[in-house]
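The block underneath contains the structure these notes are about, expressed in structure tokens.
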Amino acid sequence: MLKAHNKNAQVSSLIHCKSYVHFWFSRVLTTLAYQMLAVAVGWQVYELTDSPFYLGLVGLAQFLPMFLLTLVVGHVADRFNRQKVICICQITEGVGVGLLAIGSYTGWLSKESIITIVFLIGAARAFEGPTMQAFMPGLVSAKIFPQALATVSSANQTANIIGPAIGGLLYAAGPAYVYCAISVLFLGASFLISRIKIEREIRKVHAVNLRELFAGITFIRRKPTILGAISLDLFAVLLGGATALLPIYAKDVLFIGPEGVGILRSAPAVGALLMSGFLAHYPLKRKVGRTMFSAVFVFGLATIVFALSTSFALSLASLVVLGAADVISVVIRSSLVQLQTPDEMRGRVSAVNSMFIGTSNQLGEFESGVTAAFFGTVPALLIGGIGTVLVVILWIKLFPELAQADRIAS
């Protein structure tokens with residue numbers, strides 16, 4: 001009874017924290033926007049090119065800004081007003097998607113212009129992600145932060161489910177419609193962030209030098225459990241990323257339209273949401289290293305099943321399992337970073353972590369597109385799934401500290 005009372009009190013504290021509520025809704029809007037954008041851009045590029053290679057270029061265009069700006073992003077997040085940085089990024093994203101809407105409506109949009117605009121949106125997102133991660137701990141007390149993080153995660157997974165479906169439905173009416181809706185979501189998210197009332201964080205400002213710029217990388221390199229966790233997640237999603245090829249599977253393997261792409265993209269989020277709910281009630285406490293390796297192994301097996309499937313139902317089921325396994329890895333990695341990083345370095349460490357995430361997601365899409373262009377869609381995903389399983393086996397040998405890790409907190 002006492003535990004239930006404490007949980008209810010924590011939820012009540014979050015609801016009555018207006019700053020957190022604004023932040024929560026902003027995260028939901030941006031997550032919806034990103035998921036809708038992924039469906040719209042992926043389908044439009046494939047319609048224009050009929051090429052998996054160009055689908056891979058879309059992923060590369062999102063990855064390059066994150067990779068090139070990692071050191072600058074972390075420094076900005078630790079040095080400047082995080083709230084203003086987030087607002088500027090979201091406005092930039094809204095304007096960029098607005099250009100996609102205008103281009104689609106007027107007919108001047110080409111595959112090259114889409115990739116260019118996606119690159120610019122990716123640059124804004126490179127600054128937004130780490131800054132958002134570093135901004136959240138200042139909104140609530142440390143006591144209720146885990147509850148706040150779990151609530152945001154559940155909301156994001158729900159948006160991950162709804163977003164692709166909405167994106168697919170709106171795209172069926174025309175690409176300009178979905179891009180207009182996405183632009184409104186980004187601008188609305190920026191407005192919500194601007195409404196947050198928070199005391200200006202007083203952080204120690206370091207001189208701009210190479211040592212400080214590389215401080216996040218140095219910190220992670222000295223933490224073998226963190227390095228092992230984020231690198232394992234990186235290579236698993238890099239090799240086993242199936243999402244970039246969903247338009248091809250929908251059109252050429254499963255014979256479904258853009259609505260089907262939205263459903264397929266939602267499937268991993270369904271699995272992630274179910275697993276997030278389970279972890280909220282039964283949080284990971286012991287043997288977290290072994291749990292993470294097991295989850296990534298299942299992720300690889302689910303990728304192999306999806307690669308070989310010609311059944312819509314089996315494909316959906318494998319993606320649900322894939323999403324459930326992935327969220328376990330994400331929770332462990334994120335918790336390690338959050339709980340073992342001092343606040344004055346959180347921006348730089350979050351930037352490096354985001355670069356790893358971006359590498360696994362966006363560069364993984366490029367890798368999938370290139371391998372599909374050379375070997376075919378099914379062999380490309382099959383190779384990726386097998387590669388993921390092999391990485392798990394190798395990482396157990398390379399990072400015994402992670403394999404033997406018992407608890408998240410150091």
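Lettering and numbering for the structure tokens are positional, with chains as A, B, ... in the shown order, residues counted from 1 in each chain, and ligands counted from 1 in the shown order.
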Applying 10 Å and only C-alpha atoms, which residues near Ser26 of chain A remain after dropping the ones on its own chain fewer than 2 positions away? List them as a PDB file with C-alpha atoms, in the first residue's frame.
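Saved the output as selection-v4.pdb:
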```
ATOM      1  CA  TYR A  20       7.300  19.206 -17.079  1.00  0.00           C
ATOM      2  CA  VAL A  21       3.840  19.021 -18.676  1.00  0.00           C
ATOM      3  CA  HIS A  22       4.913  21.507 -21.372  1.00  0.00           C
ATOM      4  CA  PHE A  23       8.085  19.482 -21.924  1.00  0.00           C
ATOM      5  CA  TRP A  24       6.086  16.231 -22.104  1.00  0.00           C
ATOM      6  CA  VAL A  28       5.160  13.983 -27.986  1.00  0.00           C
ATOM      7  CA  LEU A  29       4.672  16.510 -30.802  1.00  0.00           C
ATOM      8  CA  THR A  30       8.257  16.226 -32.038  1.00  0.00           C
ATOM      9  CA  THR A  31       8.144  12.428 -31.914  1.00  0.00           C
ATOM     10  CA  LEU A  32       4.922  12.435 -33.933  1.00  0.00           C
ATOM     11  CA  GLN A  90      12.316  23.191 -33.570  1.00  0.00           C
ATOM     12  CA  LEU A 185       3.721  20.018 -34.968  1.00  0.00           C
ATOM     13  CA  PHE A 186       7.316  21.305 -34.865  1.00  0.00           C
ATOM     14  CA  LEU A 187       6.217  24.915 -34.408  1.00  0.00           C
ATOM     15  CA  GLY A 188       3.749  23.876 -31.702  1.00  0.00           C
ATOM     16  CA  ALA A 189       6.528  21.987 -29.883  1.00  0.00           C
ATOM     17  CA  SER A 190       8.712  25.112 -29.953  1.00  0.00           C
ATOM     18  CA  PHE A 191       5.893  27.194 -28.479  1.00  0.00           C
ATOM     19  CA  LEU A 192       5.451  24.722 -25.614  1.00  0.00           C
ATOM     20  CA  ILE A 193       9.173  24.759 -24.791  1.00  0.00           C
TER      21      ILE A 193
END
```
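The space separating atom CA of Gly42 of chain A from atom CA of Ile161 of chain A comes to 16.9 Å.
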**Report entry** Coordinates-based distance that separates atom CA of Leu64 of chain A from atom CA of Gly262 of chain A (Å, one decimal)
**Finding:**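 Distance reported for this atom pair: 25.4 Å.
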**Report entry** Neighbour list for Pro268 of chain A as a ChimeraX atom specification, cut-off 10 Å, only C-alpha atoms, skip fewer than 5 positions in-chain
**Finding:** /A:157,160-161,243,263,273,316-327
Query raised in the report: Near Gly167 of chain A, within 8 Å and counting only C-alpha atoms, which residues show up once chain neighbours fewer than 3 positions away are dropped, as number ranges by chain?
Result: A: 35-37, 39-40, 163-164, 170-171, 178, 262
Report task. Show which residues sit within 8 Å of segment 94-102 of chain A, as a ChimeraX atom specification. Count only C-alpha atoms, and ignore same-chain residues fewer than 5 positions away. Result -> /A:109,114,117-118,120-121,175-180,182-187
Query - Counting only C-alpha atoms, the option among A:Gly74, A:Pro137, A:Pro247, A:Pro379 closest to Val41 of chain A - result: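 The closest residue to Val41 of chain A is A:Pro247.
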